[in-house]
file query-v7.tsv (TSV, N, CA and C atoms)
chain	number	residue	atom	x	y	z
A	1	MET	N	3.33	4.11	49.84
A	1	MET	CA	4.64	4.03	49.23
A	1	MET	C	4.71	2.84	48.26
A	2	ASP	N	4.13	1.71	48.66
A	2	ASP	CA	4.12	0.51	47.82
A	2	ASP	C	3.36	0.78	46.52
A	3	ILE	N	2.27	1.52	46.59
A	3	ILE	CA	1.46	1.84	45.41
A	3	ILE	C	2.27	2.69	44.44
A	4	ASN	N	3.01	3.63	44.95
A	4	ASN	CA	3.82	4.53	44.12
A	4	ASN	C	4.88	3.74	43.35
A	5	VAL	N	5.52	2.76	44.00
A	5	VAL	CA	6.54	1.95	43.33
A	5	VAL	C	5.91	1.12	42.22
A	6	ARG	N	4.75	0.51	42.48
A	6	ARG	CA	4.08	-0.29	41.46
A	6	ARG	C	3.67	0.58	40.27
A	7	THR	N	3.19	1.76	40.54
A	7	THR	CA	2.77	2.67	39.47
A	7	THR	C	3.96	3.04	38.60
A	8	GLN	N	5.10	3.31	39.22
A	8	GLN	CA	6.29	3.67	38.45
A	8	GLN	C	6.78	2.49	37.62
A	9	VAL	N	6.70	1.28	38.17
A	9	VAL	CA	7.10	0.09	37.42
A	9	VAL	C	6.17	-0.10	36.23
A	10	GLN	N	4.87	0.05	36.44
A	10	GLN	CA	3.91	-0.09	35.35
A	10	GLN	C	4.17	0.97	34.28
A	11	GLN	N	4.43	2.21	34.70
A	11	GLN	CA	4.72	3.29	33.75
A	11	GLN	C	5.95	2.94	32.93
A	12	SER	N	6.98	2.43	33.60
A	12	SER	CA	8.22	2.08	32.92
A	12	SER	C	7.98	0.95	31.92
A	13	GLU	N	7.20	-0.05	32.33
A	13	GLU	CA	6.90	-1.17	31.44
A	13	GLU	C	6.10	-0.69	30.22
A	14	ILE	N	5.09	0.14	30.43
A	14	ILE	CA	4.29	0.67	29.34
A	14	ILE	C	5.14	1.52	28.42
A	15	ASN	N	6.02	2.33	28.99
A	15	ASN	CA	6.91	3.16	28.18
A	15	ASN	C	7.79	2.28	27.30
A	16	GLY	N	8.32	1.19	27.88
A	16	GLY	CA	9.15	0.27	27.11
A	16	GLY	C	8.38	-0.38	25.98
A	17	LEU	N	7.15	-0.82	26.27
A	17	LEU	CA	6.31	-1.43	25.23
A	17	LEU	C	5.98	-0.44	24.13
A	18	PHE	N	5.67	0.79	24.53
A	18	PHE	CA	5.35	1.82	23.54
A	18	PHE	C	6.54	2.06	22.61
A	19	ASN	N	7.74	2.14	23.18
A	19	ASN	CA	8.93	2.37	22.36
A	19	ASN	C	9.21	1.18	21.44
A	20	GLU	N	8.96	-0.04	21.92
A	20	GLU	CA	9.11	-1.22	21.07
A	20	GLU	C	8.14	-1.16	19.89
A	21	VAL	N	6.89	-0.79	20.14
A	21	VAL	CA	5.89	-0.69	19.09
A	21	VAL	C	6.32	0.35	18.06
A	22	GLU	N	6.80	1.49	18.51
A	22	GLU	CA	7.24	2.54	17.58
A	22	GLU	C	8.42	2.07	16.73
A	23	THR	N	9.35	1.34	17.34
A	23	THR	CA	10.49	0.80	16.60
A	23	THR	C	10.03	-0.19	15.54
A	24	ILE	N	9.10	-1.05	15.90
A	24	ILE	CA	8.57	-2.04	14.96
A	24	ILE	C	7.85	-1.34	13.80
A	25	LYS	N	7.12	-0.27	14.10
A	25	LYS	CA	6.44	0.48	13.03
A	25	LYS	C	7.45	1.05	12.05
A	26	LYS	N	8.56	1.59	12.56
A	26	LYS	CA	9.60	2.14	11.68
A	26	LYS	C	10.23	1.05	10.82
A	27	GLU	N	10.48	-0.12	11.44
A	27	GLU	CA	11.03	-1.25	10.69
A	27	GLU	C	10.09	-1.69	9.57
A	28	CYS	N	8.80	-1.76	9.89
A	28	CYS	CA	7.80	-2.15	8.88
A	28	CYS	C	7.79	-1.17	7.73
A	29	SER	N	7.88	0.10	8.05
A	29	SER	CA	7.88	1.14	7.02
A	29	SER	C	9.11	0.98	6.12
A	30	ARG	N	10.27	0.75	6.72
A	30	ARG	CA	11.49	0.56	5.93
A	30	ARG	C	11.39	-0.70	5.08
A	31	MET	N	10.86	-1.78	5.65
A	31	MET	CA	10.72	-3.02	4.89
A	31	MET	C	9.75	-2.83	3.73
A	32	LYS	N	8.66	-2.10	3.93
A	32	LYS	CA	7.69	-1.84	2.87
A	32	LYS	C	8.36	-1.08	1.73
A	33	GLU	N	9.18	-0.09	2.08
A	33	GLU	CA	9.90	0.67	1.05
A	33	GLU	C	10.84	-0.24	0.27
A	34	THR	N	11.54	-1.12	0.97
A	34	THR	CA	12.46	-2.05	0.32
A	34	THR	C	11.70	-3.00	-0.60
A	35	ILE	N	10.58	-3.53	-0.12
A	35	ILE	CA	9.75	-4.43	-0.93
A	35	ILE	C	9.26	-3.71	-2.18
A	36	ASP	N	8.77	-2.49	-2.02
A	36	ASP	CA	8.27	-1.72	-3.17
A	36	ASP	C	9.37	-1.45	-4.19
A	37	THR	N	10.56	-1.10	-3.72
A	37	THR	CA	11.68	-0.82	-4.61
A	37	THR	C	12.07	-2.07	-5.40
A	38	LYS	N	12.17	-3.20	-4.72
A	38	LYS	CA	12.56	-4.43	-5.39
A	38	LYS	C	11.47	-4.93	-6.34
A	39	THR	N	10.21	-4.75	-5.94
A	39	THR	CA	9.10	-5.15	-6.80
A	39	THR	C	9.10	-4.30	-8.07
A	40	GLU	N	9.35	-3.00	-7.94
A	40	GLU	CA	9.41	-2.12	-9.11
A	40	GLU	C	10.53	-2.55	-10.06
A	41	LYS	N	11.65	-2.97	-9.49
A	41	LYS	CA	12.77	-3.43	-10.31
A	41	LYS	C	12.40	-4.70	-11.07
A	42	ILE	N	11.71	-5.63	-10.40
A	42	ILE	CA	11.27	-6.87	-11.06
A	42	ILE	C	10.28	-6.54	-12.17
A	43	ILE	N	9.31	-5.67	-11.89
A	43	ILE	CA	8.30	-5.28	-12.89
A	43	ILE	C	8.98	-4.65	-14.09
A	44	SER	N	9.92	-3.76	-13.84
A	44	SER	CA	10.64	-3.10	-14.93
A	44	SER	C	11.36	-4.13	-15.80
A	45	HIS	N	12.00	-5.11	-15.18
A	45	HIS	CA	12.71	-6.15	-15.93
A	45	HIS	C	11.73	-6.97	-16.78
A	46	ILE	N	10.61	-7.36	-16.18
A	46	ILE	CA	9.61	-8.16	-16.91
A	46	ILE	C	9.05	-7.38	-18.09
A	47	LEU	N	8.79	-6.09	-17.90
A	47	LEU	CA	8.25	-5.28	-19.00
A	47	LEU	C	9.25	-5.17	-20.16
A	48	LYS	N	10.54	-5.15	-19.85
A	48	LYS	CA	11.57	-5.03	-20.89
A	48	LYS	C	11.87	-6.37	-21.56
A	49	HIS	N	11.91	-7.46	-20.75
A	49	HIS	CA	12.42	-8.73	-21.25
A	49	HIS	C	11.41	-9.87	-21.28
A	50	GLY	N	10.22	-9.67	-20.77
A	50	GLY	CA	9.22	-10.73	-20.78
A	50	GLY	C	9.15	-11.45	-19.44
A	51	ASN	N	8.22	-12.40	-19.37
A	51	ASN	CA	8.01	-13.15	-18.12
A	51	ASN	C	9.28	-13.84	-17.65
A	52	VAL	N	9.34	-14.03	-16.34
A	52	VAL	CA	10.54	-14.58	-15.71
A	52	VAL	C	10.17	-15.81	-14.91
A	53	LEU	N	11.10	-16.75	-14.84
A	53	LEU	CA	10.95	-17.93	-14.02
A	53	LEU	C	11.72	-17.70	-12.72
A	54	ALA	N	11.05	-17.87	-11.58
A	54	ALA	CA	11.69	-17.71	-10.28
A	54	ALA	C	11.32	-18.90	-9.41
A	55	TYR	N	12.16	-19.20	-8.47
A	55	TYR	CA	11.93	-20.35	-7.61
A	55	TYR	C	11.59	-19.89	-6.20
A	56	LYS	N	10.54	-20.49	-5.67
A	56	LYS	CA	10.10	-20.23	-4.30
A	56	LYS	C	10.01	-21.59	-3.62
A	57	ASP	N	10.85	-21.82	-2.64
A	57	ASP	CA	10.92	-23.12	-1.96
A	57	ASP	C	11.14	-24.25	-2.97
A	58	ASP	N	12.05	-24.05	-3.90
A	58	ASP	CA	12.40	-25.03	-4.93
A	58	ASP	C	11.25	-25.37	-5.88
A	59	VAL	N	10.22	-24.55	-5.91
A	59	VAL	CA	9.10	-24.75	-6.83
A	59	VAL	C	9.14	-23.60	-7.84
A	60	PRO	N	9.18	-23.93	-9.16
A	60	PRO	CA	9.24	-22.87	-10.16
A	60	PRO	C	7.92	-22.09	-10.25
A	61	HIS	N	8.06	-20.79	-10.34
A	61	HIS	CA	6.92	-19.89	-10.50
A	61	HIS	C	7.18	-18.97	-11.69
A	62	VAL	N	6.12	-18.64	-12.39
A	62	VAL	CA	6.21	-17.68	-13.48
A	62	VAL	C	5.81	-16.31	-12.92
A	63	LEU	N	6.70	-15.34	-13.11
A	63	LEU	CA	6.41	-13.98	-12.68
A	63	LEU	C	5.92	-13.18	-13.87
A	64	THR	N	4.76	-12.57	-13.73
A	64	THR	CA	4.17	-11.76	-14.79
A	64	THR	C	3.73	-10.43	-14.21
A	65	VAL	N	3.43	-9.51	-15.10
A	65	VAL	CA	2.92	-8.20	-14.70
A	65	VAL	C	1.49	-8.09	-15.19
A	66	LYS	N	0.60	-7.77	-14.28
A	66	LYS	CA	-0.81	-7.58	-14.63
A	66	LYS	C	-1.13	-6.09	-14.57
A	67	ASN	N	-1.75	-5.63	-15.63
A	67	ASN	CA	-2.19	-4.23	-15.65
A	67	ASN	C	-3.57	-4.13	-15.04
A	68	GLY	N	-3.78	-3.10	-14.29
A	68	GLY	CA	-5.07	-2.88	-13.67
A	68	GLY	C	-5.32	-1.40	-13.49
A	69	GLN	N	-6.35	-1.10	-12.75
A	69	GLN	CA	-6.68	0.30	-12.47
A	69	GLN	C	-7.15	0.41	-11.03
A	70	THR	N	-6.82	1.52	-10.43
A	70	THR	CA	-7.35	1.82	-9.11
A	70	THR	C	-8.13	3.12	-9.20
A	71	THR	N	-9.14	3.23	-8.39
A	71	THR	CA	-9.93	4.45	-8.35
A	71	THR	C	-9.38	5.34	-7.25
A	72	LYS	N	-9.07	6.57	-7.61
A	72	LYS	CA	-8.53	7.54	-6.66
A	72	LYS	C	-9.49	8.72	-6.54
A	73	PHE	N	-9.40	9.41	-5.41
A	73	PHE	CA	-10.21	10.59	-5.17
A	73	PHE	C	-9.27	11.78	-5.07
A	74	ASP	N	-9.51	12.81	-5.87
A	74	ASP	CA	-8.64	13.98	-5.91
A	74	ASP	C	-9.06	14.98	-4.84
A	75	LYS	N	-8.54	14.77	-3.63
A	75	LYS	CA	-8.88	15.66	-2.51
A	75	LYS	C	-8.36	17.07	-2.74
A	76	SER	N	-7.18	17.20	-3.35
A	76	SER	CA	-6.60	18.53	-3.52
A	76	SER	C	-7.45	19.38	-4.47
A	77	ALA	N	-8.00	18.79	-5.51
A	77	ALA	CA	-8.86	19.55	-6.43
A	77	ALA	C	-10.15	19.96	-5.73
A	78	LEU	N	-10.73	19.07	-4.94
A	78	LEU	CA	-11.95	19.40	-4.20
A	78	LEU	C	-11.66	20.49	-3.18
A	79	ALA	N	-10.54	20.37	-2.47
A	79	ALA	CA	-10.17	21.39	-1.49
A	79	ALA	C	-9.98	22.74	-2.16
A	80	ASN	N	-9.36	22.74	-3.32
A	80	ASN	CA	-9.14	23.98	-4.06
A	80	ASN	C	-10.47	24.59	-4.49
A	81	ASP	N	-11.39	23.77	-4.99
A	81	ASP	CA	-12.69	24.26	-5.43
A	81	ASP	C	-13.53	24.80	-4.27
A	82	LEU	N	-13.38	24.18	-3.09
A	82	LEU	CA	-14.16	24.62	-1.93
A	82	LEU	C	-13.46	25.71	-1.12
A	83	GLY	N	-12.19	25.96	-1.43
A	83	GLY	CA	-11.43	26.97	-0.71
A	83	GLY	C	-11.06	26.55	0.71
A	84	VAL	N	-10.79	25.26	0.90
A	84	VAL	CA	-10.41	24.75	2.22
A	84	VAL	C	-9.10	23.96	2.09
A	85	THR	N	-8.57	23.55	3.23
A	85	THR	CA	-7.36	22.74	3.20
A	85	THR	C	-7.72	21.27	3.01
A	86	VAL	N	-6.76	20.51	2.52
A	86	VAL	CA	-6.98	19.08	2.28
A	86	VAL	C	-7.28	18.36	3.61
A	87	SER	N	-6.65	18.81	4.69
A	87	SER	CA	-6.85	18.14	5.98
A	87	SER	C	-8.29	18.26	6.48
A	88	GLU	N	-9.03	19.25	6.00
A	88	GLU	CA	-10.43	19.39	6.39
A	88	GLU	C	-11.34	18.40	5.67
A	89	LEU	N	-10.82	17.72	4.68
A	89	LEU	CA	-11.65	16.85	3.84
A	89	LEU	C	-11.57	15.39	4.25
A	90	ASP	N	-11.78	15.10	5.52
A	90	ASP	CA	-11.96	13.72	5.94
A	90	ASP	C	-13.43	13.38	5.68
A	91	TYR	N	-13.85	12.17	6.07
A	91	TYR	CA	-15.23	11.76	5.79
A	91	TYR	C	-16.24	12.71	6.42
A	92	VAL	N	-15.98	13.11	7.66
A	92	VAL	CA	-16.90	14.01	8.36
A	92	VAL	C	-16.92	15.37	7.68
A	93	GLY	N	-15.74	15.86	7.30
A	93	GLY	CA	-15.66	17.17	6.64
A	93	GLY	C	-16.41	17.20	5.33
A	94	VAL	N	-16.25	16.16	4.52
A	94	VAL	CA	-16.96	16.09	3.24
A	94	VAL	C	-18.46	16.00	3.48
A	95	ALA	N	-18.87	15.21	4.46
A	95	ALA	CA	-20.30	15.09	4.78
A	95	ALA	C	-20.87	16.45	5.19
A	96	GLU	N	-20.11	17.22	5.96
A	96	GLU	CA	-20.58	18.54	6.38
A	96	GLU	C	-20.76	19.45	5.17
A	97	PHE	N	-19.82	19.40	4.22
A	97	PHE	CA	-19.95	20.23	3.01
A	97	PHE	C	-21.16	19.83	2.18
A	98	VAL	N	-21.47	18.55	2.16
A	98	VAL	CA	-22.65	18.07	1.44
A	98	VAL	C	-23.91	18.58	2.16
A	99	GLU	N	-23.93	18.47	3.48
A	99	GLU	CA	-25.08	18.94	4.26
A	99	GLU	C	-25.29	20.45	4.09
A	100	GLU	N	-24.19	21.18	4.02
A	100	GLU	CA	-24.27	22.64	3.86
A	100	GLU	C	-24.53	23.03	2.41
A	101	LYS	N	-24.65	22.03	1.55
A	101	LYS	CA	-24.93	22.21	0.12
A	101	LYS	C	-23.84	23.00	-0.61
A	102	LYS	N	-22.61	22.89	-0.10
A	102	LYS	CA	-21.48	23.51	-0.79
A	102	LYS	C	-21.00	22.62	-1.92
A	103	VAL	N	-21.34	21.34	-1.82
A	103	VAL	CA	-21.04	20.40	-2.89
A	103	VAL	C	-22.12	19.32	-2.85
A	104	THR	N	-22.49	18.85	-4.03
A	104	THR	CA	-23.53	17.82	-4.08
A	104	THR	C	-22.88	16.44	-4.19
A	105	SER	N	-23.62	15.46	-3.82
A	105	SER	CA	-23.12	14.09	-3.89
A	105	SER	C	-22.75	13.70	-5.32
A	106	PRO	N	-23.59	14.01	-6.33
A	106	PRO	CA	-23.18	13.68	-7.70
A	106	PRO	C	-21.93	14.46	-8.15
A	107	LYS	N	-21.76	15.67	-7.66
A	107	LYS	CA	-20.59	16.47	-8.04
A	107	LYS	C	-19.30	15.83	-7.49
A	108	LEU	N	-19.43	15.14	-6.35
A	108	LEU	CA	-18.26	14.46	-5.79
A	108	LEU	C	-17.73	13.39	-6.74
A	109	ASN	N	-18.61	12.81	-7.54
A	109	ASN	CA	-18.18	11.79	-8.50
A	109	ASN	C	-17.20	12.34	-9.52
A	110	ASP	N	-17.25	13.65	-9.76
A	110	ASP	CA	-16.33	14.26	-10.71
A	110	ASP	C	-14.88	14.23	-10.21
A	111	TYR	N	-14.68	14.06	-8.93
A	111	TYR	CA	-13.34	14.08	-8.35
A	111	TYR	C	-12.71	12.69	-8.28
A	112	TYR	N	-13.43	11.67	-8.70
A	112	TYR	CA	-12.87	10.33	-8.79
A	112	TYR	C	-12.24	10.15	-10.15
A	113	TYR	N	-11.12	9.48	-10.18
A	113	TYR	CA	-10.45	9.20	-11.45
A	113	TYR	C	-9.78	7.83	-11.38
A	114	GLN	N	-9.52	7.27	-12.55
A	114	GLN	CA	-8.88	5.97	-12.65
A	114	GLN	C	-7.38	6.16	-12.86
A	115	GLU	N	-6.61	5.38	-12.14
A	115	GLU	CA	-5.16	5.44	-12.29
A	115	GLU	C	-4.66	4.04	-12.66
A	116	PRO	N	-3.88	3.94	-13.74
A	116	PRO	CA	-3.38	2.61	-14.12
A	116	PRO	C	-2.37	2.10	-13.10
A	117	THR	N	-2.39	0.80	-12.87
A	117	THR	CA	-1.44	0.18	-11.96
A	117	THR	C	-0.84	-1.05	-12.61
A	118	GLN	N	0.31	-1.43	-12.13
A	118	GLN	CA	0.95	-2.65	-12.58
A	118	GLN	C	1.30	-3.46	-11.34
A	119	LYS	N	0.85	-4.70	-11.32
A	119	LYS	CA	1.08	-5.56	-10.17
A	119	LYS	C	1.87	-6.78	-10.58
A	120	LEU	N	2.74	-7.21	-9.71
A	120	LEU	CA	3.52	-8.41	-9.94
A	120	LEU	C	2.68	-9.61	-9.52
A	121	LYS	N	2.58	-10.57	-10.41
A	121	LYS	CA	1.82	-11.80	-10.13
A	121	LYS	C	2.76	-12.99	-10.26
A	122	ALA	N	2.58	-13.95	-9.37
A	122	ALA	CA	3.36	-15.18	-9.42
A	122	ALA	C	2.41	-16.36	-9.38
A	123	ARG	N	2.66	-17.32	-10.26
A	123	ARG	CA	1.86	-18.55	-10.24
A	123	ARG	C	2.80	-19.71	-10.50
A	124	LYS	N	2.40	-20.88	-10.04
A	124	LYS	CA	3.23	-22.07	-10.26
A	124	LYS	C	3.39	-22.29	-11.75
A	125	ALA	N	4.60	-22.61	-12.13
A	125	ALA	CA	4.91	-22.81	-13.54
A	125	ALA	C	4.51	-24.20	-13.99
A	126	LYS	N	3.97	-24.26	-15.19
A	126	LYS	CA	3.68	-25.54	-15.83
A	126	LYS	C	4.92	-25.91	-16.67
A	127	LYS	N	4.96	-27.15	-17.07
A	127	LYS	CA	6.10	-27.59	-17.89
A	127	LYS	C	6.20	-26.75	-19.16
A	128	SER	N	5.05	-26.43	-19.76
A	128	SER	CA	5.06	-25.63	-20.99
A	128	SER	C	5.59	-24.22	-20.73
A	129	ASP	N	5.31	-23.67	-19.54
A	129	ASP	CA	5.83	-22.34	-19.19
A	129	ASP	C	7.35	-22.37	-19.10
A	130	ILE	N	7.86	-23.42	-18.47
A	130	ILE	CA	9.30	-23.54	-18.28
A	130	ILE	C	10.00	-23.67	-19.63
A	131	GLU	N	9.42	-24.48	-20.53
A	131	GLU	CA	10.00	-24.66	-21.85
A	131	GLU	C	9.95	-23.36	-22.64
A	132	LEU	N	8.85	-22.65	-22.52
A	132	LEU	CA	8.71	-21.39	-23.27
A	132	LEU	C	9.73	-20.36	-22.78
A	133	ILE	N	9.85	-20.22	-21.47
A	133	ILE	CA	10.75	-19.20	-20.92
A	133	ILE	C	12.22	-19.57	-21.12
A	134	LEU	N	12.55	-20.82	-20.89
A	134	LEU	CA	13.94	-21.24	-21.01
A	134	LEU	C	14.31	-21.65	-22.43
A	135	GLY	N	13.34	-21.64	-23.32
A	135	GLY	CA	13.61	-21.96	-24.73
A	135	GLY	C	13.97	-23.41	-24.97
A	136	GLY	N	13.28	-24.31	-24.23
A	136	GLY	CA	13.52	-25.74	-24.45
A	136	GLY	C	14.65	-26.29	-23.60
A	137	ARG	N	15.33	-25.44	-22.81
A	137	ARG	CA	16.40	-25.92	-21.93
A	137	ARG	C	15.82	-26.21	-20.56
A	138	SER	N	15.35	-27.37	-20.31
A	138	SER	CA	14.80	-27.68	-18.97
A	138	SER	C	15.51	-28.84	-18.32
call {"tool": "encode", "arguments": {"input": "query-v7.tsv", "output": "structure tokens"}}
result
Amino acid sequence: MDINVRTQVQQSEINGLFNEVETIKKECSRMKETIDTKTEKIISHILKHGNVLAYKDDVPHVLTVKNGQTTKFDKSALANDLGVTVSELDYVGVAEFVEEKKVTSPKLNDYYYQEPTQKLKARKAKKSDIELILGGRS
């Protein structure tokens, strides 16, 4: 009887921890969306009006937008060409298709493409940056 009570207490504790973890995951997801939305708004403003001066812990920083590229893999095009679903194209699935000679390793390179990205960058402002951005009003 004592063992059964301990097991139920442990189950209850684990259930509580699991629910806390799930709640935290949802909060993180919402915060990530909020961060992305606000970052996009800052980037849009900088692209229209130029670099911005912002303060972090009372230290001036220059906010700029850096253009870059990321390499993406077009799973949907590969899935379409192979006649399979996208969910079948994990690492193991792709390896199996290569082993079965349904697709070659060099042919997989055709499904990679470059996508332009814009990232927000912040660096400590120099006196010249502050004068340039504020137009001599420092």
call {"tool": "closest_residue", "arguments": {"input": "query-v7.tsv", "among": "A:Leu17, A:Val65, A:Val59, A:Ala77", "to": "Ile43 of chain A", "atoms": "all atoms listed in the file"}}
result
A:Val65
call {"tool": "atom_distance", "arguments": {"input": "query-v7.tsv", "atom1": "atom CA of Ile24 of chain A", "atom2": "atom C of Lys119 of chain A"}}
result
26.8 Å
call {"tool": "residues_around", "arguments": {"input": "query-v7.tsv", "residues": "Ile130 of chain A", "least_positions_apart": "3", "cutoff": "12 Å", "atoms": "only C-alpha atoms", "output": "list in words"}}
result
Asn51, Val52, Leu53, Ala54, Tyr55, Val59, Pro60, His61, Val62, Leu63, Lys124, Ala125, Lys126, Lys127, Ile133, Leu134, Gly135, Gly136, Arg137 and Ser138 of chain A
call {"tool": "atom_distance", "arguments": {"input": "query-v7.tsv", "atom1": "atom CA of Leu78 of chain A", "atom2": "atom CA of Pro116 of chain A"}}
result
21.3 Å
call {"tool": "closest_atom_pairs", "arguments": {"input": "query-v7.tsv", "of": "segment 28-71 of chain A", "to": "segment 106-115 of chain A", "cutoff": "6 Å", "atoms": "only N, CA and C atoms", "output": "tab-separated table"}}
result
residue	atom	partner	partner_atom	distance
A:Gly68	C	A:Glu115	C	5.5
A:Gln69	CA	A:Glu115	C	4.3
A:Thr70	N	A:Glu115	C	4.0
A:Thr71	CA	A:Tyr113	C	4.5
call {"tool": "select_by_dssp", "arguments": {"input": "query-v7.tsv", "residues": "chain A", "states": "strand (DSSP E or B)", "output": "VMD selection string"}}
result
chain A and resid 52 to 56 59 to 73 112 to 124
call {"tool": "select_by_dssp", "arguments": {"input": "query-v7.tsv", "residues": "chain A", "states": "alpha helix (DSSP H)", "output": "PyMOL selection string"}}
result
chain A and resi 2-49+75-82+91-99+105-108+127-134
call {"tool": "closest_residue", "arguments": {"input": "query-v7.tsv", "among": "A:Val103, A:Asn19, A:Gln118, A:Lys41", "to": "Asp81 of chain A", "atoms": "only C-alpha atoms"}}
result
A:Val103
call {"tool": "atom_distance", "arguments": {"input": "query-v7.tsv", "atom1": "atom C of Thr23 of chain A", "atom2": "atom N of Gln8 of chain A"}}
result
24.4 Å
call {"tool": "build_atoms", "arguments": {"input": "query-v7.tsv", "residues": "segment 110-117 of chain A", "atoms": "all heavy atoms", "output": "compact mmCIF listing (two decimals), in the coordinates of the input"}}
result
# COMPACT_ATOMS: atom_id res chain seq x y z
N ASP A 110 -17.25 13.65 -9.76
CA ASP A 110 -16.33 14.26 -10.71
C ASP A 110 -14.88 14.23 -10.21
O ASP A 110 -13.94 14.40 -11.00
CB ASP A 110 -16.73 15.71 -11.00
CG ASP A 110 -18.07 15.81 -11.70
OD1 ASP A 110 -18.54 14.78 -12.25
OD2 ASP A 110 -18.65 16.92 -11.70
N TYR A 111 -14.68 14.06 -8.93
CA TYR A 111 -13.34 14.08 -8.35
C TYR A 111 -12.71 12.69 -8.28
O TYR A 111 -11.57 12.56 -7.85
CB TYR A 111 -13.38 14.72 -6.95
CG TYR A 111 -13.77 16.17 -7.02
CD1 TYR A 111 -15.08 16.58 -6.79
CD2 TYR A 111 -12.84 17.14 -7.34
CE1 TYR A 111 -15.45 17.91 -6.86
CE2 TYR A 111 -13.19 18.48 -7.43
CZ TYR A 111 -14.50 18.86 -7.19
OH TYR A 111 -14.85 20.18 -7.28
N TYR A 112 -13.43 11.67 -8.70
CA TYR A 112 -12.87 10.33 -8.79
C TYR A 112 -12.24 10.15 -10.15
O TYR A 112 -12.74 10.63 -11.16
CB TYR A 112 -13.96 9.27 -8.60
CG TYR A 112 -14.40 9.11 -7.16
CD1 TYR A 112 -15.56 9.73 -6.71
CD2 TYR A 112 -13.66 8.36 -6.27
CE1 TYR A 112 -15.98 9.60 -5.40
CE2 TYR A 112 -14.07 8.22 -4.95
CZ TYR A 112 -15.23 8.84 -4.52
OH TYR A 112 -15.63 8.71 -3.23
N TYR A 113 -11.12 9.48 -10.18
CA TYR A 113 -10.45 9.20 -11.45
C TYR A 113 -9.78 7.83 -11.38
O TYR A 113 -9.53 7.30 -10.30
CB TYR A 113 -9.44 10.29 -11.80
CG TYR A 113 -8.30 10.42 -10.82
CD1 TYR A 113 -7.08 9.78 -11.06
CD2 TYR A 113 -8.42 11.17 -9.66
CE1 TYR A 113 -6.04 9.89 -10.17
CE2 TYR A 113 -7.39 11.29 -8.76
CZ TYR A 113 -6.19 10.65 -9.02
OH TYR A 113 -5.15 10.76 -8.13
N GLN A 114 -9.52 7.27 -12.55
CA GLN A 114 -8.88 5.97 -12.65
C GLN A 114 -7.38 6.16 -12.86
O GLN A 114 -6.97 7.01 -13.65
CB GLN A 114 -9.45 5.17 -13.82
CG GLN A 114 -10.92 4.85 -13.70
CD GLN A 114 -11.19 3.87 -12.57
OE1 GLN A 114 -10.47 2.92 -12.37
NE2 GLN A 114 -12.25 4.13 -11.82
N GLU A 115 -6.61 5.38 -12.14
CA GLU A 115 -5.16 5.44 -12.29
C GLU A 115 -4.66 4.04 -12.66
O GLU A 115 -4.98 3.07 -11.96
CB GLU A 115 -4.53 5.91 -10.98
CG GLU A 115 -3.04 6.16 -11.07
CD GLU A 115 -2.51 6.78 -9.80
OE1 GLU A 115 -2.18 6.03 -8.87
OE2 GLU A 115 -2.42 8.01 -9.74
N PRO A 116 -3.88 3.94 -13.74
CA PRO A 116 -3.38 2.61 -14.12
C PRO A 116 -2.37 2.10 -13.10
O PRO A 116 -1.60 2.88 -12.53
CB PRO A 116 -2.73 2.85 -15.48
CG PRO A 116 -2.47 4.30 -15.55
CD PRO A 116 -3.44 4.98 -14.64
N THR A 117 -2.39 0.80 -12.87
CA THR A 117 -1.44 0.18 -11.96
C THR A 117 -0.84 -1.05 -12.61
O THR A 117 -1.42 -1.62 -13.53
CB THR A 117 -2.10 -0.26 -10.64
OG1 THR A 117 -3.14 -1.20 -10.94
CG2 THR A 117 -2.69 0.91 -9.88
